[in-house]
Amino acid sequence: MENFEFINAIVLLSNFVIVPALSYGSQLALATLSLTIIYGVLRFSNFAQADWMSFGTMATILFTWLFQSIGITAGILPTALLALPFAIIVTALFCLLIDRSVYSFYRKQKSQPIVLMIVSVGVMFILQAVVRFIIGPNDRKFFDGEKYIVHALDFKNYFGLEEGLTIKSTQLITVIVALIAMISLFYFLQKTKLGKSMRAYSNNEDLALLSGINPEKIVIVTWVISSILITTAGVLYGLDKSFKPFTYFNLLLPMFAAAIVGGIGSPIGAVIGGYVIAFSEITLTYAYKKFFVYLLPENLEPSGLMQVLSTDYKFAISFIILVIVLIVRPTGIVRGKII
Amino acid sequence: MSEDLRAPVAFTVMAVLLAIVGFTQSWSVSLSVINLCIISSIMAIGVNLQWGYGGLFNAGVMGFTALGGLTAVLVSHDPIYEAWDKAGIGIVISAIIFVLSITALLFVFRNIENKQIRNTLIILIIVFGLIGINNFYGPSIDIIESINPAKTGFLGGLGLPIIFSWLIAAVVAGLVAWVIGKITLRLRSDYLAIATLGISEIVIAVVKHEDWLSRGVKNVSGLDRPVPYEIELQQSEWFLNLVERINFSKLEAMQSLSSRQYLLNDLVIDSSGIFVKLCYAGLFFSVLLLIFYLSQLALNSPWGRMLRAIRDNEEAASAMGKNIFAQHLQIFIIGSAIIGIAGAMLTTLDGQFTPGSYRPLRFTFIIWLMVIIGGSGNNLGSIFGGFFIWFIWIEAEPLSIGFMNMLAGGLEYDNPFRIHLLGSAAHLRLFIMGLLLLLALRFMPRGVIPEKIQKK
């Protein structure tokens with residue numbers, strides 16, 4: 001068995017660090033993308049974005065329940081994936097309603113970004129109330145279908161290793177859906193006429209208006225794209241873990257951290273930022289003791305847990321990274337201001 | 001309505017509202033609301049200094065409140081000598097290593113030009129600093145937390161009267177604000193908001209999880225009080241006499257001696273509670289008055305005018321030779337210090353420190369609502385906002401339950417929809433808060449009591 005030490009160590013690391021970080025990173029990247037799109041086109045930091053995530057996920061859960069009650073399921077896949085498009089439509093419509101009744105006034109007045117940000121705090125309160133009112137503040141699981149793709153025990157037996165690797169189906173779904181969403185977004189922004197006009201509007205509003213771009217259309221498209229991304233992110237996160245409004249609200253902070261770390265306003269930066277934050281949260285709080293036990297000869301084995309930061313600080317890590325980035329390179333990894 | 005009239009009308013309305021609570025619920029409830037209103041007003045003044053005068057969006061109010069609370073514990077709790085004897089030295093050594101590493105980092109960062117040497121040195125300092133701290137810190141906190149964990153399990157405090165902590169909280173919050181300001185104030189306004197929001201989360205994480213310092217989520221309760229205890233009052237002669245004299249006519253009306261004694265007992269118990277709350281209210285109100293007076297003074301001084309000039313036009317002020325960053329740092333520190341005072345007062349009033357209770361909604365965003373709805377740039381407005389919003393926040397719950405009862409009026413008692421409606425009544429107050437903010441921003445963007453534009 002001794003030759004397997006190295007493989008065991010790698011499997012251990014994949015099981016507890018790489019796979020979870022990859023799926024959390026994909027969820028975060030999608031959410032950050034939607035934050036970035038709003039920032040790039042509408043030019044404000046949307047404090048309500050995490051609550052849009054709750055709202056979208058809540059809508060998905062309601063549709064899931066509806067489908068389940070009339071007997072529609074997606075077989076081995078979670079029913080929520082069927083419900084997702086309907087939930088996106090509801091979320092986008094509600095987004096547009098809020099935009100019409102709240103944000104458009106300030107846009108016409110050409111208010112400062114900070115005013116719009118304060119307005120978004122008001123929207124945040126209202127959304128929190130709506131979500132808690134409809135579905136309540138409790139934890140909800142809405143996953144159904146096949147739970148595992150690779151199970152730790154099967155993996156161990158098959159390969160004859162000491163360590164097992166678990167891959168939940170939600171993790172694979174997350175990565176695949178996130179990839180599809182990102183690729184189509186980048187295709188949309190780079191290749192289609194509408195995407196190009198969005199970038200033009202984001203880059204220079206006046207010039208875009210002069211060249212005949214309809215600002216109202218851009219605004220609508222922006223909210224729709226943002227709803228698609230944020231609802232998808234919320235559903236993937238909820239499938240992977242569970243849905244709870246307060247937990248979702250707390251995701252606002254890693255989202256902002258990812259946006260700034262990646263370079264606010266830049267979509268590529270948002271994706272990079274999402275993965276950076278997710279990987280650092282998990283790698284910095286993982287106890288590497290067992291990993292080193294496999295790798296090192298017996299007399300060098302570590303005595304402590306080999307943990308950089310206690311898991312208590314998991315939540316604070318994104319901010320520690322944010323603060324370091326703000327000091328060292330305030331523009332973020334990808335220097336971006338526009339979409 | 002003319003703007004000069006707004007302040008008196010607003011405060012009269014507020015007084016009437018509080019009196020209604022006093023008459024319909026009880027004066028004890030009304031006084032509890034007032035006490036928290038005063039604390040909220042002080043926080044709102046702190047935020048108003050930063051936002052209204054300085055134009056800085058500090059979304060880290062919660063962090064400074066918690067720091068104030070922590071200071072109250074560290075000042076007033078008795079020191080745990082056993083913990084200090086056994087492990088104090090380890091904590092002190094790790095603190096020294098920490099400070100030395102930070103100083104070394106700053107020195108290297110500023111003085112060494114060669115990038116390669118600089119980066120190697122930075123990594124070396126961080127690695128050795130971490131190893132050094134881990135060597136002393138880990139074992140020491142294990143010892144400290146193992147000493148009587150059910151009751152103490154932390155280092156304790158200085159054992160001073162808790163009222164000193166109000167002043168010290170200002171210093172602590174100010175120092176932390178200095179560090180945070182140095183990092184974040186060069187950023188654009190919404191970056192500042194996000195950064196401070198994040199940093200306040202870090203503060204909460206530390207307070208929650210460093211048990212040797214604050215007992216973490218195990219809470220510290222039974223802090224001493226700056227005012228007498230109810231039980232002491234109930235046993236003291238002068239208080240009994242006072243209650244008897246105030247309620248003379250009521251007592252006279254009683255027929256038998258026993259029922260008279262019975263009533264007196266009830267009255268004494270009620271009044272002792274009210275008396276304690278009045279004492280707090282008096283203390284808090286004097287702090288509020290002092291802070292209000294000083295802020296007004298500052299607002300009308302040349303310094304205040306300069307701040308407003310910077311807020312309204314940074315480029316012009318900069319061209320006039322004003323150091324924008326330094327001024328922003330000053331106002332950030334002062335505002336945060338005031339929030340720190342309020343945080344310490346809050347913990348004093350509660351008599352306990354519960355790190356788990358610090359939530360951004362309650363301690364950051366509600367305070368912002370107070371400033372914006374009250375009228376940013378006007379301290380009276382902030383005081384009014386503090387009273388008004390806190391009042392709504394507290395009274396929204398009974399009101400929304402009533403509202404829901406009305407909605408569900410026609411339904412059966414076991415109707416699931418009715419149960420859902422009543423169960424969700426508590427969330428209606430979030431809705432009210434959001435709606436108030438949006439309405440104020442739309443129709444009264446300068447607030448209830450707007451800033452006075454002074455023309456000279």
# chains A, B, ... in the order shown; residues from 1 in each chain; ligands from 1
>>> residues_around(residues="B:His427", least_positions_apart="5", cutoff="10 Å", atoms="only C-alpha atoms", output="list in words")
Phe125, Ile126, Gln128, Ala129, Val130, Val131, Arg132, Phe133, Ile134, Gly136 and Pro137 of chain A; Ala396, Glu397, Ser400 and Ile432 of chain B
>>> residues_around(residues="stretch 234-238 of chain B", least_positions_apart="4", cutoff="12 Å", atoms="only C-alpha atoms", output="list in words")
Pro228, Tyr229, Glu230, Leu242, Val243, Glu244, Arg245, Leu264, Asn265, Asp266, Leu267, Val268, Ile269, Asp270, Ser271, Ser272, Gly273, Ile274, Phe275 and Val276 of chain B
>>> interface_residues(of="chain B", to="chain A", cutoff="9 Å", atoms="only C-alpha atoms", output="PyMOL selection string")
chain B and resi 57+183-184+187+189-191+194-195+197-199+201-203+205-206+208-209+361+365+368-369+420-421+423-438+441-442
>>> residues_around(residues="B:Lys277", least_positions_apart="2", cutoff="12 Å", atoms="only C-alpha atoms", output="PyMOL selection string")
chain B and resi 27-36+225-230+270-275+279-285+349-350
>>> residues_around(residues="B:Leu100", least_positions_apart="6", cutoff="12 Å", atoms="only C-alpha atoms", output="PyMOL selection string")
chain B and resi 93-94+106-107+125-126+128-130+132-133
>>> residues_around(residues="B:Ala344", least_positions_apart="2", cutoff="12 Å", atoms="only C-alpha atoms", output="JSON, numbers by chain")
{"B": [39, 42, 43, 64, 65, 66, 67, 68, 69, 70, 71, 72, 73, 74, 75, 76, 162, 163, 164, 165, 166, 167, 168, 169, 170, 171, 172, 173, 223, 284, 337, 338, 339, 340, 341, 342, 346, 347, 348, 349, 350, 351, 352, 353]}
>>> write_last_selection(atoms="N, CA and C atoms", output="compact mmCIF listing (two decimals), in the first residue's frame")
# COMPACT_ATOMS: atom_id res chain seq x y z
N ILE B 39 -29.88 55.86 22.68
CA ILE B 39 -28.66 55.23 22.19
C ILE B 39 -28.62 55.26 20.66
N ILE B 42 -27.61 58.57 19.38
CA ILE B 42 -26.17 58.84 19.46
C ILE B 42 -25.45 58.17 18.29
N MET B 43 -25.83 56.92 18.02
CA MET B 43 -25.22 56.25 16.86
C MET B 43 -25.50 57.04 15.59
N PHE B 64 -18.19 48.92 15.04
CA PHE B 64 -17.83 49.86 16.10
C PHE B 64 -18.73 49.71 17.32
N THR B 65 -20.00 49.38 17.07
CA THR B 65 -20.89 49.12 18.20
C THR B 65 -20.37 47.95 19.02
N ALA B 66 -19.97 46.88 18.31
CA ALA B 66 -19.47 45.70 19.02
C ALA B 66 -18.19 46.03 19.76
N LEU B 67 -17.33 46.86 19.16
CA LEU B 67 -16.10 47.24 19.85
C LEU B 67 -16.42 47.99 21.13
N GLY B 68 -17.42 48.87 21.06
CA GLY B 68 -17.84 49.58 22.27
C GLY B 68 -18.31 48.60 23.32
N GLY B 69 -19.11 47.62 22.89
CA GLY B 69 -19.61 46.62 23.83
C GLY B 69 -18.47 45.84 24.46
N LEU B 70 -17.52 45.45 23.63
CA LEU B 70 -16.37 44.70 24.13
C LEU B 70 -15.60 45.52 25.16
N THR B 71 -15.44 46.82 24.86
CA THR B 71 -14.73 47.68 25.79
C THR B 71 -15.45 47.72 27.14
N ALA B 72 -16.79 47.78 27.08
CA ALA B 72 -17.54 47.81 28.34
C ALA B 72 -17.20 46.57 29.17
N VAL B 73 -17.10 45.42 28.51
CA VAL B 73 -16.75 44.20 29.24
C VAL B 73 -15.33 44.29 29.78
N LEU B 74 -14.41 44.69 28.93
CA LEU B 74 -13.00 44.68 29.31
C LEU B 74 -12.70 45.70 30.39
N VAL B 75 -13.48 46.76 30.46
CA VAL B 75 -13.24 47.76 31.49
C VAL B 75 -13.88 47.33 32.81
N SER B 76 -15.10 46.78 32.72
CA SER B 76 -15.84 46.63 33.97
C SER B 76 -15.72 45.27 34.61
N ILE B 162 -18.22 50.67 35.24
CA ILE B 162 -18.53 50.50 33.82
C ILE B 162 -18.66 51.83 33.09
N ILE B 163 -18.94 52.88 33.84
CA ILE B 163 -19.18 54.16 33.18
C ILE B 163 -17.91 54.69 32.52
N PHE B 164 -16.74 54.29 33.06
CA PHE B 164 -15.48 54.70 32.42
C PHE B 164 -15.37 54.14 31.01
N SER B 165 -16.04 52.98 30.83
CA SER B 165 -15.88 52.32 29.55
C SER B 165 -16.45 53.17 28.42
N TRP B 166 -17.38 54.05 28.73
CA TRP B 166 -17.96 54.87 27.66
C TRP B 166 -16.87 55.72 27.02
N LEU B 167 -16.03 56.27 27.88
CA LEU B 167 -14.95 57.12 27.37
C LEU B 167 -13.90 56.27 26.66
N ILE B 168 -13.56 55.14 27.31
CA ILE B 168 -12.51 54.30 26.73
C ILE B 168 -12.99 53.70 25.41
N ALA B 169 -14.30 53.41 25.33
CA ALA B 169 -14.85 52.88 24.08
C ALA B 169 -14.60 53.85 22.93
N ALA B 170 -14.73 55.14 23.22
CA ALA B 170 -14.49 56.14 22.18
C ALA B 170 -13.05 56.03 21.70
N VAL B 171 -12.12 55.85 22.64
CA VAL B 171 -10.71 55.76 22.26
C VAL B 171 -10.45 54.50 21.43
N VAL B 172 -11.00 53.37 21.92
CA VAL B 172 -10.78 52.10 21.21
C VAL B 172 -11.36 52.18 19.80
N ALA B 173 -12.64 52.60 19.72
CA ALA B 173 -13.28 52.67 18.40
C ALA B 173 -12.53 53.64 17.51
N LEU B 223 -22.82 42.16 34.05
CA LEU B 223 -21.93 43.32 34.15
C LEU B 223 -22.48 44.26 35.22
N PHE B 284 -28.08 58.65 29.91
CA PHE B 284 -27.96 58.62 28.46
C PHE B 284 -28.28 59.98 27.85
N ALA B 337 -15.82 56.97 16.88
CA ALA B 337 -15.67 57.04 18.34
C ALA B 337 -17.05 57.23 18.98
N ILE B 338 -17.87 58.08 18.38
CA ILE B 338 -19.21 58.30 18.93
C ILE B 338 -20.03 57.03 18.87
N ILE B 339 -19.91 56.29 17.75
CA ILE B 339 -20.63 55.01 17.66
C ILE B 339 -20.14 54.06 18.73
N GLY B 340 -18.82 54.09 18.98
CA GLY B 340 -18.25 53.24 20.02
C GLY B 340 -18.85 53.55 21.38
N ILE B 341 -19.00 54.85 21.69
CA ILE B 341 -19.62 55.25 22.97
C ILE B 341 -21.01 54.63 23.07
N ALA B 342 -21.77 54.79 21.98
CA ALA B 342 -23.13 54.26 22.00
C ALA B 342 -23.12 52.74 22.19
N LEU B 346 -24.95 50.73 25.15
CA LEU B 346 -25.93 49.67 24.89
C LEU B 346 -25.63 48.44 25.75
N THR B 347 -24.35 48.06 25.79
CA THR B 347 -23.97 46.90 26.60
C THR B 347 -24.22 47.18 28.07
N THR B 348 -23.97 48.43 28.49
CA THR B 348 -24.23 48.80 29.87
C THR B 348 -25.71 48.63 30.19
N LEU B 349 -26.54 49.11 29.28
CA LEU B 349 -27.99 49.02 29.51
C LEU B 349 -28.44 47.56 29.58
N ASP B 350 -27.91 46.74 28.66
CA ASP B 350 -28.30 45.32 28.65
C ASP B 350 -27.75 44.57 29.85
N GLY B 351 -26.63 45.02 30.36
CA GLY B 351 -25.98 44.30 31.46
C GLY B 351 -25.29 43.05 30.98
N GLN B 352 -25.24 42.83 29.68
CA GLN B 352 -24.54 41.66 29.16
C GLN B 352 -24.04 41.94 27.76
N PHE B 353 -23.04 41.15 27.38
CA PHE B 353 -22.42 41.30 26.07
C PHE B 353 -22.65 40.01 25.29
>>> residues_around(residues="stretch 150-164 of chain A", least_positions_apart="3", cutoff="10 Å", atoms="only C-alpha atoms", output="ChimeraX atom specification")
/A:1,4-5,7-15,147,167-169
>>> residues_around(residues="A:Thr232", least_positions_apart="4", cutoff="9 Å", atoms="only C-alpha atoms", output="VMD selection string")
chain A and resid 27 30 to 31 53 56 to 57 84 88 177 to 178 181 227 to 228 236 to 237
>>> atom_distance(atom1="atom CA of B:Thr354", atom2="atom CA of B:Thr152")
14.4 Å
>>> decode(residues="stretch 185-209 of chain B", atoms="C-alpha atoms", output="tab-separated table (two decimals), in the first residue's frame")
chain	number	residue	atom	x	y	z
B	185	LEU	CA	-10.50	56.12	2.86
B	186	ARG	CA	-8.52	56.52	-0.32
B	187	LEU	CA	-11.13	54.42	-2.08
B	188	ARG	CA	-14.19	55.57	-3.96
B	189	SER	CA	-17.36	56.03	-1.97
B	190	ASP	CA	-19.03	52.70	-2.69
B	191	TYR	CA	-15.78	50.79	-2.25
B	192	LEU	CA	-15.59	52.38	1.18
B	193	ALA	CA	-19.05	51.08	2.00
B	194	ILE	CA	-18.20	47.55	0.96
B	195	ALA	CA	-14.82	47.57	2.68
B	196	THR	CA	-16.24	48.85	5.96
B	197	LEU	CA	-19.09	46.34	5.76
B	198	GLY	CA	-16.51	43.60	5.42
B	199	ILE	CA	-14.24	44.89	8.15
B	200	SER	CA	-17.13	45.10	10.58
B	201	GLU	CA	-17.78	41.41	9.84
B	202	ILE	CA	-14.16	40.67	10.67
B	203	VAL	CA	-14.54	42.52	13.99
B	204	ILE	CA	-17.63	40.47	14.79
B	205	ALA	CA	-15.85	37.25	13.82
B	206	VAL	CA	-13.03	38.08	16.23
B	207	VAL	CA	-15.36	38.99	19.08
B	208	LYS	CA	-17.41	35.86	18.47
B	209	HIS	CA	-14.60	33.37	18.28
